>>> print(open('my_file-v3.cif').read())   # mmCIF, C-alpha atoms and all ligand atoms
data_data
#
loop_
_atom_site.label_atom_id
_atom_site.label_comp_id
_atom_site.auth_asym_id
_atom_site.auth_seq_id
_atom_site.Cartn_x
_atom_site.Cartn_y
_atom_site.Cartn_z
CA MET A 16 215.44 47.20 -56.58
CA SER A 17 214.87 43.59 -55.61
CA LEU A 18 217.45 42.34 -58.16
CA HIS A 19 219.93 44.75 -56.57
CA TRP A 20 219.51 43.14 -53.12
CA ASN A 21 219.62 39.69 -54.64
CA GLU A 22 223.02 40.54 -56.13
CA ILE A 23 224.33 42.06 -52.89
CA GLU A 24 223.20 38.98 -50.99
CA LYS A 25 225.03 36.65 -53.41
CA ILE A 26 228.21 38.71 -53.10
CA ALA A 27 227.95 38.87 -49.29
CA LYS A 28 227.54 35.09 -49.08
CA ALA A 29 230.50 34.45 -51.39
CA TRP A 30 232.71 36.76 -49.29
CA THR A 31 231.52 35.05 -46.10
CA ILE A 32 232.41 31.60 -47.45
CA GLU A 33 235.82 32.91 -48.58
CA ALA A 34 236.42 34.50 -45.17
CA GLY A 35 235.48 31.17 -43.54
CA GLU A 36 238.03 29.33 -45.70
CA ASN A 37 240.69 31.87 -44.69
CA ILE A 38 239.83 31.33 -41.02
CA LYS A 39 240.11 27.54 -41.39
CA LYS A 40 243.51 27.99 -43.06
CA ALA A 41 244.64 30.31 -40.26
CA LEU A 42 243.81 27.57 -37.75
CA GLU A 43 246.58 25.43 -39.29
CA ASN A 44 249.12 27.79 -37.67
CA PRO A 45 249.49 29.14 -34.12
CA ILE A 46 247.00 31.92 -33.36
CA GLU A 47 248.21 35.18 -31.83
CA VAL A 48 245.86 35.95 -28.91
CA LYS A 49 245.63 39.27 -27.06
CA ALA A 50 243.40 40.59 -24.27
CA LYS A 51 241.19 43.64 -24.87
CA SER A 52 239.16 45.23 -22.03
CA ASN A 53 240.11 42.50 -19.50
CA PRO A 54 242.18 39.26 -19.46
CA ASP A 55 239.11 37.21 -20.50
CA ASP A 56 238.11 39.48 -23.39
CA LEU A 57 240.13 37.96 -26.22
CA VAL A 58 241.00 39.05 -29.73
CA THR A 59 243.26 37.40 -32.31
CA GLN A 60 244.96 38.53 -35.48
CA VAL A 61 242.39 36.40 -37.33
CA ASP A 62 239.51 38.57 -36.01
CA LYS A 63 241.29 41.64 -37.36
CA GLU A 64 242.32 40.08 -40.69
CA THR A 65 238.78 38.85 -41.28
CA GLU A 66 237.29 42.27 -40.61
CA GLN A 67 239.93 43.85 -42.85
CA PHE A 68 239.02 41.34 -45.60
CA PHE A 69 235.36 42.46 -45.55
CA TYR A 70 236.24 46.14 -45.26
CA GLN A 71 238.53 46.02 -48.33
CA LYS A 72 236.00 44.07 -50.41
CA ILE A 73 233.15 46.44 -49.49
CA LYS A 74 235.20 49.59 -50.17
CA GLU A 75 236.32 48.25 -53.59
CA THR A 76 232.92 46.95 -54.66
CA PHE A 77 230.51 49.40 -52.99
CA PRO A 78 232.50 52.59 -52.27
CA GLY A 79 229.36 54.46 -51.19
CA HIS A 80 228.43 51.96 -48.46
CA GLN A 81 229.17 52.50 -44.77
CA PHE A 82 230.89 49.97 -42.47
CA LEU A 83 230.67 49.04 -38.80
CA GLY A 84 232.84 46.21 -37.45
CA GLU A 85 233.75 45.11 -33.94
CA GLU A 86 237.51 45.51 -34.42
CA GLY A 87 237.27 49.07 -35.72
CA VAL A 88 239.32 48.65 -38.92
CA ALA A 89 237.28 51.26 -40.83
CA GLU A 90 239.54 54.14 -41.83
CA GLU A 91 236.64 56.60 -41.56
CA GLY A 92 236.35 55.87 -37.80
CA LYS A 93 233.26 55.35 -35.70
CA LEU A 94 229.93 55.02 -37.48
CA ASN A 95 227.46 57.63 -36.27
CA SER A 96 224.55 57.38 -38.69
CA LEU A 97 222.58 54.66 -40.45
CA ASP A 98 222.22 56.71 -43.64
CA GLY A 99 222.35 54.79 -46.90
CA THR A 100 223.59 51.19 -46.94
CA VAL A 101 225.54 50.01 -43.89
CA TRP A 102 227.37 46.71 -43.42
CA ILE A 103 227.52 45.64 -39.76
CA ILE A 104 230.03 42.84 -39.23
CA ASP A 105 231.33 40.70 -36.41
CA PRO A 106 234.30 38.96 -38.07
CA ILE A 107 234.41 36.21 -35.43
CA ASP A 108 231.57 35.94 -32.94
CA GLY A 109 232.69 33.54 -30.23
CA THR A 110 236.40 34.38 -30.15
CA MET A 111 236.74 32.53 -26.85
CA ASN A 112 235.48 29.37 -28.58
CA PHE A 113 237.73 30.07 -31.56
CA VAL A 114 240.76 30.19 -29.27
CA HIS A 115 239.83 27.43 -26.80
CA GLN A 116 237.77 25.01 -28.91
CA ARG A 117 238.52 25.88 -32.54
CA TYR A 118 234.80 25.33 -32.96
CA ASN A 119 231.45 27.04 -32.29
CA PHE A 120 232.22 30.48 -33.73
CA ALA A 121 230.56 32.42 -36.52
CA ILE A 122 230.96 35.22 -39.02
CA SER A 123 228.02 37.61 -38.71
CA VAL A 124 227.13 39.96 -41.57
CA GLY A 125 224.13 42.31 -41.52
CA VAL A 126 223.36 44.73 -44.34
CA TYR A 127 220.98 47.60 -43.57
CA HIS A 128 219.46 50.25 -45.82
CA GLU A 129 218.28 53.51 -44.21
CA GLY A 130 218.16 51.62 -40.90
CA VAL A 131 216.11 48.68 -42.27
CA GLY A 132 217.63 45.17 -42.12
CA MET A 133 217.92 43.83 -45.70
CA ILE A 134 220.35 40.89 -45.44
CA GLY A 135 221.46 38.72 -42.52
CA ILE A 136 224.13 36.01 -42.68
CA ILE A 137 225.41 33.99 -39.73
CA TYR A 138 227.96 31.42 -40.82
CA ASP A 139 228.99 28.78 -38.30
CA VAL A 140 232.34 28.15 -39.98
CA MET A 141 233.37 24.74 -38.60
CA SER A 142 229.95 23.08 -38.74
CA ASN A 143 229.38 24.59 -42.18
CA GLU A 144 225.94 25.92 -41.28
CA MET A 145 224.95 29.18 -42.92
CA PHE A 146 221.82 30.83 -41.53
CA HIS A 147 220.71 33.53 -43.95
CA ALA A 148 217.81 35.77 -44.83
CA ARG A 149 216.82 38.61 -47.10
CA LYS A 150 214.00 40.91 -46.07
CA GLY A 151 210.65 39.52 -47.22
CA GLU A 152 212.19 36.38 -48.78
CA GLY A 153 212.19 33.99 -45.80
CA ALA A 154 215.09 32.64 -43.75
CA PHE A 155 217.22 29.61 -44.56
CA LEU A 156 219.69 27.20 -43.02
CA ASN A 157 221.94 26.37 -45.97
CA ASP A 158 219.36 25.44 -48.68
CA ASP A 159 216.49 24.61 -46.34
CA GLU A 160 213.87 27.22 -45.58
CA LEU A 161 213.27 27.78 -41.88
CA LEU A 162 209.62 27.44 -40.89
CA PRO A 163 207.73 30.14 -39.00
CA VAL A 164 208.50 29.31 -35.36
CA LYS A 165 206.02 27.52 -33.09
CA GLU A 166 205.54 28.71 -29.52
CA ARG A 167 206.33 26.56 -26.50
CA PRO A 168 205.07 27.49 -23.00
CA LEU A 169 207.62 29.16 -20.74
CA HIS A 170 208.01 26.10 -18.50
CA GLU A 171 208.97 24.02 -21.58
CA ALA A 172 211.27 26.65 -23.08
CA VAL A 173 215.02 26.16 -23.50
CA ILE A 174 216.78 29.51 -23.48
CA GLY A 175 220.30 30.61 -24.33
CA VAL A 176 222.00 32.75 -21.71
CA ASN A 177 225.64 33.32 -20.81
CA GLY A 178 225.97 31.76 -17.32
CA ARG A 179 228.21 34.64 -16.22
CA TRP A 180 225.18 36.92 -16.09
CA LEU A 181 223.72 34.77 -13.29
CA VAL A 182 226.65 35.36 -10.96
CA GLU A 183 228.02 38.76 -11.99
CA GLU A 184 227.71 40.85 -8.83
CA ARG A 185 227.40 44.21 -10.51
CA ASN A 186 224.67 42.97 -12.83
CA VAL A 187 221.37 44.49 -11.65
CA TYR A 188 219.44 41.83 -13.59
CA GLN A 189 221.01 38.93 -11.68
CA ASN A 190 217.94 38.06 -9.56
CA PRO A 191 215.28 38.32 -12.28
CA LEU A 192 217.51 36.29 -14.62
CA ARG A 193 217.95 33.62 -11.97
CA ALA A 194 214.15 33.48 -11.48
CA LEU A 195 213.70 33.04 -15.22
CA VAL A 196 216.32 30.28 -15.37
CA ARG A 197 214.55 28.54 -12.46
CA ASP A 198 211.18 28.64 -14.26
CA VAL A 199 212.14 27.54 -17.79
CA ARG A 200 212.88 23.96 -18.79
CA SER A 201 216.62 24.49 -19.19
CA ILE A 202 219.34 26.85 -20.34
CA ARG A 203 222.21 26.54 -22.82
CA SER A 204 225.40 28.60 -23.23
CA TYR A 205 227.06 28.02 -26.59
CA GLY A 206 229.44 31.00 -26.36
CA SER A 207 228.43 32.73 -29.59
CA ALA A 208 225.52 35.14 -29.37
CA ALA A 209 225.11 35.11 -33.15
CA ILE A 210 224.86 31.31 -33.31
CA GLU A 211 222.48 31.29 -30.34
CA MET A 212 220.17 33.83 -31.98
CA ALA A 213 220.31 31.83 -35.25
CA TYR A 214 219.29 28.81 -33.16
CA VAL A 215 216.22 30.72 -31.95
CA ALA A 216 215.27 31.31 -35.60
CA ALA A 217 215.90 27.62 -36.36
CA ASP A 218 213.78 26.48 -33.36
CA ARG A 219 216.75 24.92 -31.56
CA LEU A 220 216.31 27.44 -28.74
CA ASP A 221 213.15 29.33 -27.73
CA SER A 222 214.91 32.51 -26.63
CA TYR A 223 218.35 34.08 -26.26
CA ILE A 224 218.97 36.71 -23.60
CA SER A 225 221.96 38.94 -22.90
CA VAL A 226 222.63 41.81 -20.52
CA LYS A 227 225.02 43.41 -23.00
CA LEU A 228 225.41 42.97 -26.73
CA SER A 229 226.60 45.30 -29.47
CA PRO A 230 225.13 45.99 -32.93
CA TRP A 231 227.64 43.66 -34.65
CA ASP A 232 226.47 40.80 -32.38
CA TYR A 233 222.83 41.05 -33.49
CA ALA A 234 222.64 42.98 -36.80
CA ALA A 235 222.49 39.81 -38.93
CA ALA A 236 220.37 37.90 -36.42
CA LEU A 237 217.63 40.54 -36.41
CA VAL A 238 217.04 40.07 -40.16
CA ILE A 239 216.91 36.28 -39.83
CA LEU A 240 214.70 36.31 -36.72
CA ASN A 241 212.27 38.73 -38.32
CA GLU A 242 211.70 36.40 -41.28
CA VAL A 243 210.51 33.53 -39.05
CA GLY A 244 208.28 35.70 -36.85
CA CYS A 245 210.60 36.06 -33.84
CA VAL A 246 210.91 39.26 -31.87
CA ALA A 247 213.93 41.14 -30.50
CA SER A 248 214.08 44.07 -28.10
CA SER A 249 215.87 45.46 -25.09
CA PHE A 250 214.80 44.19 -21.63
CA SER A 251 212.39 47.13 -21.42
CA GLY A 252 210.82 46.23 -24.78
CA GLU A 253 212.48 48.93 -26.89
CA THR A 254 213.78 48.48 -30.43
CA LEU A 255 217.48 47.57 -30.45
CA SER A 256 219.91 50.30 -31.45
CA LEU A 257 222.31 49.67 -34.33
CA LEU A 258 224.71 52.29 -33.00
CA GLU A 259 224.82 51.52 -29.25
CA SER A 260 225.20 48.43 -27.02
CA GLY A 261 222.49 47.29 -24.62
CA THR A 262 220.35 44.51 -23.17
CA VAL A 263 218.80 42.00 -25.59
CA VAL A 264 215.89 39.54 -25.51
CA THR A 265 215.19 37.56 -28.67
CA ALA A 266 212.38 35.03 -28.60
CA LYS A 267 209.24 33.71 -30.13
CA PRO A 268 206.58 36.46 -29.78
CA GLN A 269 204.46 35.08 -26.91
CA LEU A 270 207.50 33.98 -24.91
CA HIS A 271 209.13 37.36 -25.55
CA LYS A 272 206.09 39.10 -24.06
CA GLU A 273 206.13 36.86 -20.98
CA VAL A 274 209.89 37.16 -20.40
CA ILE A 275 209.63 40.93 -20.48
CA SER A 276 206.41 41.35 -18.53
CA LEU A 277 207.06 38.70 -15.86
CA TYR A 278 210.84 38.95 -15.37
CA LEU A 279 212.97 41.58 -17.05
CA GLY A 280 210.83 44.57 -17.99
CA GLU A 281 211.12 46.53 -14.74
CA GLU A 282 213.81 48.85 -13.46
CA PHE A 283 216.01 47.02 -10.94
C1 LIG B 301 230.79 37.51 -27.59
C2 LIG B 301 230.07 36.19 -27.77
C3 LIG B 301 229.57 35.69 -26.43
C4 LIG B 301 228.67 36.70 -25.74
C5 LIG B 301 229.41 38.03 -25.59
C6 LIG B 301 229.87 38.53 -26.96
P1 LIG B 301 232.79 38.01 -29.34
O1 LIG B 301 231.22 38.01 -28.85
O2 LIG B 301 228.97 36.34 -28.65
O3 LIG B 301 228.84 34.51 -26.60
O4 LIG B 301 228.31 36.22 -24.47
O5 LIG B 301 228.55 38.97 -25.00
O6 LIG B 301 230.58 39.74 -26.80
O7 LIG B 301 233.51 38.91 -28.40
O8 LIG B 301 233.27 36.63 -29.29
O9 LIG B 301 232.67 38.60 -30.71
CA CA B 302 233.90 39.33 -32.39
CA CA B 303 230.42 39.22 -30.87
#
>>> encode(input="my_file-v3.cif", output="structure tokens")
Amino acid sequence: MSLHWNEIEKIAKAWTIEAGENIKKALENPIEVKAKSNPDDLVTQVDKETEQFFYQKIKETFPGHQFLGEEGVAEEGKLNSLDGTVWIIDPIDGTMNFVHQRYNFAISVGVYHEGVGMIGIIYDVMSNEMFHARKGEGAFLNDDELLPVKERPLHEAVIGVNGRWLVEERNVYQNPLRALVRDVRSIRSYGSAAIEMAYVAADRLDSYISVKLSPWDYAAALVILNEVGCVASSFSGETLSLLESGTVVTAKPQLHKEVISLYLGEEF
């Protein structure tokens, strides 16, 4: 059984590197950008091609596995169960950065078995940093093992949060989030949830918080975070769904408890 996951991990990493090379090549030519749900919600043909690349590879190599990707390329349509082995993929996390900066974006690949996270890969393509983990085998940044995280008190914590959530009028969490931002040491917004959650695992951030993320944003991160002793949940402390979007708090365990109990855990 363990050899099996070792093999799948090797294959997943090789595909991720290949997909990264394809993305770098695509950047040599003009990128076709379109808007999705609103003019600031961007998608490019590279997002779609990258998802298609993984989908084809998975179908050819593991025909019995299920697939969930942000761009919805799967011919079998929407995923509605976590039965068997499921690949959950964000082909480019940080599309806005991809388009505007050509930097700071990642490929995120999570592999789950009967709902349990087995493999997590977050590949920051341009900085060539691959954060990866296999259940029970520790988490790594390239070849270096990530250490179990050390807590920092809330007033010394640096947290990742998308600044938009602090001003969005319809966001019911606006005031508690502002209070949290006031009380921590500082905040950062890198523009890729996957990279920011990998940074929590790598002790570059103490927490990452979002009012709305989807399974493809955090599937890989959950496996990596778990290996270094970090915790992830919704604002109300519930386990994150791999089929539905929702609020997300990832953090070191003590900080996670404080963020939820002191700031975000109530109904607003
Ligand atoms: C987005 C990025 C962004 C986060 C958004 C995500 P996408 O993913 O991770 O940092 O704030 O909530 O949707 O659309 O670039 O894959
Ligand atoms: Ca994406
Ligand atoms: Ca994403």
>>> atom_distance(input="my_file-v3.cif", atom1="atom CA of Leu270 of chain A", atom2="atom CA of Pro191 of chain A")
15.5 Å
>>> axis_aligned_box(input="my_file-v3.cif", around="segment 36-51 of chain A", padding_each_side="6 Å", output="JSON")
{"center_x": 243.8, "center_y": 34.5, "center_z": -35.0, "size_x": 23.5, "size_y": 30.2, "size_z": 33.4}
>>> closest_residue(input="my_file-v3.cif", among="A:Gly206, A:Gly175, A:Gly261, A:Pro268", to="Tyr223 of chain A", atoms="all atoms listed in the file")
A:Gly175
>>> atom_distance(input="my_file-v3.cif", atom1="atom CA of Ser260 of chain A", atom2="atom CA of Phe146 of chain A")
23.1 Å
>>> residues_around(input="my_file-v3.cif", residues="Lys63 of chain A", least_positions_apart="6", cutoff="10 Å", atoms="all atoms listed in the file", output="list in words")
Gly84, Glu85, Glu86, Gly87, Val88, Pro106 and Ile107 of chain A
>>> residues_near_ligand(input="my_file-v3.cif", ligand="ligand LIG 301 (chain B)", cutoff="10 Å", atoms="only C-alpha atoms and all ligand atoms", output="PyMOL selection string")
chain A and resi 51+55-58+62+85-86+104-114+119-123+175-180+204-212+224-229+231-233
>>> atom_distance(input="my_file-v3.cif", atom1="atom CA of Ser142 of chain A", atom2="atom CA of Tyr214 of chain A")
13.3 Å
>>> residues_around(input="my_file-v3.cif", residues="Leu258 of chain A", least_positions_apart="3", cutoff="8 Å", atoms="only C-alpha atoms", output="number ranges by chain")
A: 94-96, 230
>>> closest_residue(input="my_file-v3.cif", among="A:Arg193, A:Lys40, A:Lys74, A:Arg200", to="Ser222 of chain A", atoms="only C-alpha atoms")
A:Arg200
>>> closest_residue(input="my_file-v3.cif", among="A:Tyr188, A:Ala234, A:Pro54, A:Glu75", to="ligand CA 303 (chain B)", atoms="all atoms listed in the file")
A:Ala234
>>> residues_around(input="my_file-v3.cif", residues="segment 126-128 of chain A", least_positions_apart="4", cutoff="6 Å", atoms="all atoms listed in the file", output="list in words")
Gly99, Thr100, Val101, Trp102, Gly132, Met133 and Ile134 of chain A
>>> write_last_selection(input="my_file-v3.cif", atoms="C-alpha atoms", output="mmCIF file, in the coordinates of the input")
data_model
loop_
_atom_site.group_PDB
_atom_site.id
_atom_site.type_symbol
_atom_site.label_atom_id
_atom_site.label_comp_id
_atom_site.auth_asym_id
_atom_site.auth_seq_id
_atom_site.Cartn_x
_atom_site.Cartn_y
_atom_site.Cartn_z
ATOM 1 C CA GLY A 99 222.350 54.790 -46.900
ATOM 2 C CA THR A 100 223.590 51.190 -46.940
ATOM 3 C CA VAL A 101 225.540 50.010 -43.890
ATOM 4 C CA TRP A 102 227.370 46.710 -43.420
ATOM 5 C CA GLY A 132 217.630 45.170 -42.120
ATOM 6 C CA MET A 133 217.920 43.830 -45.700
ATOM 7 C CA ILE A 134 220.350 40.890 -45.440
#
>>> closest_residue(input="my_file-v3.cif", among="A:Lys93, A:His147, A:Arg167, A:Lys267", to="Val215 of chain A", atoms="only C-alpha atoms")
A:Lys267
>>> closest_residue(input="my_file-v3.cif", among="A:Val274, A:Ile26, A:Val61, A:Met145", to="Asn44 of chain A", atoms="all atoms listed in the file")
A:Val61
>>> residues_near_point(input="my_file-v3.cif", point="(215.9, 22.5, -15.6)", cutoff="10 Å", atoms="only C-alpha atoms", output="ChimeraX atom specification")
/A:170-173,196-202
>>> closest_residue(input="my_file-v3.cif", among="A:Ala236, A:Ala148, A:Leu195, A:Ile23", to="ligand CA 303 (chain B)", atoms="all atoms listed in the file")
A:Ala236
>>> residues_near_point(input="my_file-v3.cif", point="(226.6, 39.9, -48.9)", cutoff="9 Å", atoms="only C-alpha atoms", output="list of chain:residue names")
A:Trp20, A:Glu22, A:Ile23, A:Glu24, A:Lys25, A:Ile26, A:Ala27, A:Lys28, A:Ala29, A:Trp30, A:Thr31, A:Trp102, A:Val124, A:Gly125, A:Val126, A:Ile134, A:Gly135, A:Ile136
>>> residues_around(input="my_file-v3.cif", residues="Val243 of chain A", least_positions_apart="3", cutoff="10 Å", atoms="all atoms listed in the file", output="list in words")
Ala148, Gly153, Ala154, Phe155, Glu160, Leu161, Leu162, Pro163, Val164, Lys165, Val215, Ala216, Ala217, Asp218, Val238, Ile239, Leu240, Val246 and Lys267 of chain A
>>> build_atoms(input="my_file-v3.cif", residues="segment 126-137 of chain A", atoms="all heavy atoms", output="PDB file, in the coordinates of the input")
ATOM      1  N   VAL A 126     223.335  43.576 -43.436  1.00  0.00           N
ATOM      2  CA  VAL A 126     223.360  44.730 -44.340  1.00  0.00           C
ATOM      3  C   VAL A 126     222.036  45.477 -44.168  1.00  0.00           C
ATOM      4  O   VAL A 126     220.949  44.892 -44.304  1.00  0.00           O
ATOM      5  CB  VAL A 126     223.540  44.310 -45.828  1.00  0.00           C
ATOM      6  CG1 VAL A 126     223.772  45.555 -46.692  1.00  0.00           C
ATOM      7  CG2 VAL A 126     224.699  43.332 -45.988  1.00  0.00           C
ATOM      8  N   TYR A 127     222.148  46.760 -43.851  1.00  0.00           N
ATOM      9  CA  TYR A 127     220.980  47.600 -43.570  1.00  0.00           C
ATOM     10  C   TYR A 127     220.889  48.712 -44.609  1.00  0.00           C
ATOM     11  O   TYR A 127     221.918  49.191 -45.105  1.00  0.00           O
ATOM     12  CB  TYR A 127     221.092  48.200 -42.154  1.00  0.00           C
ATOM     13  CG  TYR A 127     220.724  47.190 -41.088  1.00  0.00           C
ATOM     14  CD1 TYR A 127     221.547  46.080 -40.846  1.00  0.00           C
ATOM     15  CD2 TYR A 127     219.547  47.307 -40.369  1.00  0.00           C
ATOM     16  CE1 TYR A 127     221.193  45.123 -39.910  1.00  0.00           C
ATOM     17  CE2 TYR A 127     219.187  46.346 -39.418  1.00  0.00           C
ATOM     18  CZ  TYR A 127     220.006  45.261 -39.198  1.00  0.00           C
ATOM     19  OH  TYR A 127     219.651  44.312 -38.270  1.00  0.00           O
ATOM     20  N   HIS A 128     219.642  49.117 -44.915  1.00  0.00           N
ATOM     21  CA  HIS A 128     219.460  50.250 -45.820  1.00  0.00           C
ATOM     22  C   HIS A 128     218.535  51.254 -45.141  1.00  0.00           C
ATOM     23  O   HIS A 128     217.396  50.910 -44.807  1.00  0.00           O
ATOM     24  CB  HIS A 128     218.896  49.784 -47.156  1.00  0.00           C
ATOM     25  CG  HIS A 128     218.862  50.866 -48.171  1.00  0.00           C
ATOM     26  ND1 HIS A 128     220.010  51.415 -48.727  1.00  0.00           N
ATOM     27  CD2 HIS A 128     217.821  51.560 -48.693  1.00  0.00           C
ATOM     28  CE1 HIS A 128     219.671  52.375 -49.565  1.00  0.00           C
ATOM     29  NE2 HIS A 128     218.359  52.493 -49.559  1.00  0.00           N
ATOM     30  N   GLU A 129     219.025  52.458 -44.939  1.00  0.00           N
ATOM     31  CA  GLU A 129     218.280  53.510 -44.210  1.00  0.00           C
ATOM     32  C   GLU A 129     217.724  52.932 -42.900  1.00  0.00           C
ATOM     33  O   GLU A 129     216.577  53.167 -42.533  1.00  0.00           O
ATOM     34  CB  GLU A 129     217.145  54.102 -45.072  1.00  0.00           C
ATOM     35  CG  GLU A 129     217.580  54.632 -46.440  1.00  0.00           C
ATOM     36  CD  GLU A 129     218.530  55.848 -46.392  1.00  0.00           C
ATOM     37  OE1 GLU A 129     218.821  56.359 -45.293  1.00  0.00           O
ATOM     38  OE2 GLU A 129     219.001  56.252 -47.470  1.00  0.00           O
ATOM     39  N   GLY A 130     218.539  52.149 -42.214  1.00  0.00           N
ATOM     40  CA  GLY A 130     218.160  51.620 -40.900  1.00  0.00           C
ATOM     41  C   GLY A 130     217.313  50.350 -40.947  1.00  0.00           C
ATOM     42  O   GLY A 130     216.983  49.790 -39.905  1.00  0.00           O
ATOM     43  N   VAL A 131     216.957  49.885 -42.154  1.00  0.00           N
ATOM     44  CA  VAL A 131     216.110  48.680 -42.270  1.00  0.00           C
ATOM     45  C   VAL A 131     216.995  47.479 -42.618  1.00  0.00           C
ATOM     46  O   VAL A 131     217.803  47.550 -43.551  1.00  0.00           O
ATOM     47  CB  VAL A 131     215.033  48.871 -43.360  1.00  0.00           C
ATOM     48  CG1 VAL A 131     214.204  47.592 -43.522  1.00  0.00           C
ATOM     49  CG2 VAL A 131     214.153  50.066 -43.035  1.00  0.00           C
ATOM     50  N   GLY A 132     216.826  46.375 -41.892  1.00  0.00           N
ATOM     51  CA  GLY A 132     217.630  45.170 -42.120  1.00  0.00           C
ATOM     52  C   GLY A 132     217.242  44.510 -43.437  1.00  0.00           C
ATOM     53  O   GLY A 132     216.098  44.098 -43.612  1.00  0.00           O
ATOM     54  N   MET A 133     218.190  44.408 -44.374  1.00  0.00           N
ATOM     55  CA  MET A 133     217.920  43.830 -45.700  1.00  0.00           C
ATOM     56  C   MET A 133     218.468  42.415 -45.832  1.00  0.00           C
ATOM     57  O   MET A 133     217.851  41.562 -46.453  1.00  0.00           O
ATOM     58  CB  MET A 133     218.533  44.705 -46.808  1.00  0.00           C
ATOM     59  CG  MET A 133     218.057  46.147 -46.794  1.00  0.00           C
ATOM     60  SD  MET A 133     216.264  46.307 -46.954  1.00  0.00           S
ATOM     61  CE  MET A 133     215.983  45.740 -48.611  1.00  0.00           C
ATOM     62  N   ILE A 134     219.684  42.189 -45.287  1.00  0.00           N
ATOM     63  CA  ILE A 134     220.350  40.890 -45.440  1.00  0.00           C
ATOM     64  C   ILE A 134     220.960  40.498 -44.099  1.00  0.00           C
ATOM     65  O   ILE A 134     221.564  41.341 -43.418  1.00  0.00           O
ATOM     66  CB  ILE A 134     221.478  40.988 -46.511  1.00  0.00           C
ATOM     67  CG1 ILE A 134     220.887  41.282 -47.904  1.00  0.00           C
ATOM     68  CG2 ILE A 134     222.322  39.702 -46.550  1.00  0.00           C
ATOM     69  CD1 ILE A 134     221.918  41.721 -48.926  1.00  0.00           C
ATOM     70  N   GLY A 135     220.811  39.236 -43.736  1.00  0.00           N
ATOM     71  CA  GLY A 135     221.460  38.720 -42.520  1.00  0.00           C
ATOM     72  C   GLY A 135     222.129  37.387 -42.829  1.00  0.00           C
ATOM     73  O   GLY A 135     221.492  36.502 -43.417  1.00  0.00           O
ATOM     74  N   ILE A 136     223.404  37.267 -42.464  1.00  0.00           N
ATOM     75  CA  ILE A 136     224.130  36.010 -42.680  1.00  0.00           C
ATOM     76  C   ILE A 136     224.881  35.669 -41.396  1.00  0.00           C
ATOM     77  O   ILE A 136     225.650  36.498 -40.889  1.00  0.00           O
ATOM     78  CB  ILE A 136     225.165  36.149 -43.830  1.00  0.00           C
ATOM     79  CG1 ILE A 136     224.469  36.532 -45.137  1.00  0.00           C
ATOM     80  CG2 ILE A 136     225.970  34.854 -44.000  1.00  0.00           C
ATOM     81  CD1 ILE A 136     225.431  36.931 -46.256  1.00  0.00           C
ATOM     82  N   ILE A 137     224.631  34.478 -40.873  1.00  0.00           N
ATOM     83  CA  ILE A 137     225.410  33.990 -39.730  1.00  0.00           C
ATOM     84  C   ILE A 137     225.996  32.647 -40.159  1.00  0.00           C
ATOM     85  O   ILE A 137     225.254  31.693 -40.399  1.00  0.00           O
ATOM     86  CB  ILE A 137     224.523  33.838 -38.471  1.00  0.00           C
ATOM     87  CG1 ILE A 137     224.015  35.223 -38.033  1.00  0.00           C
ATOM     88  CG2 ILE A 137     225.307  33.170 -37.334  1.00  0.00           C
ATOM     89  CD1 ILE A 137     222.970  35.187 -36.936  1.00  0.00           C
TER      90      ILE A 137
END
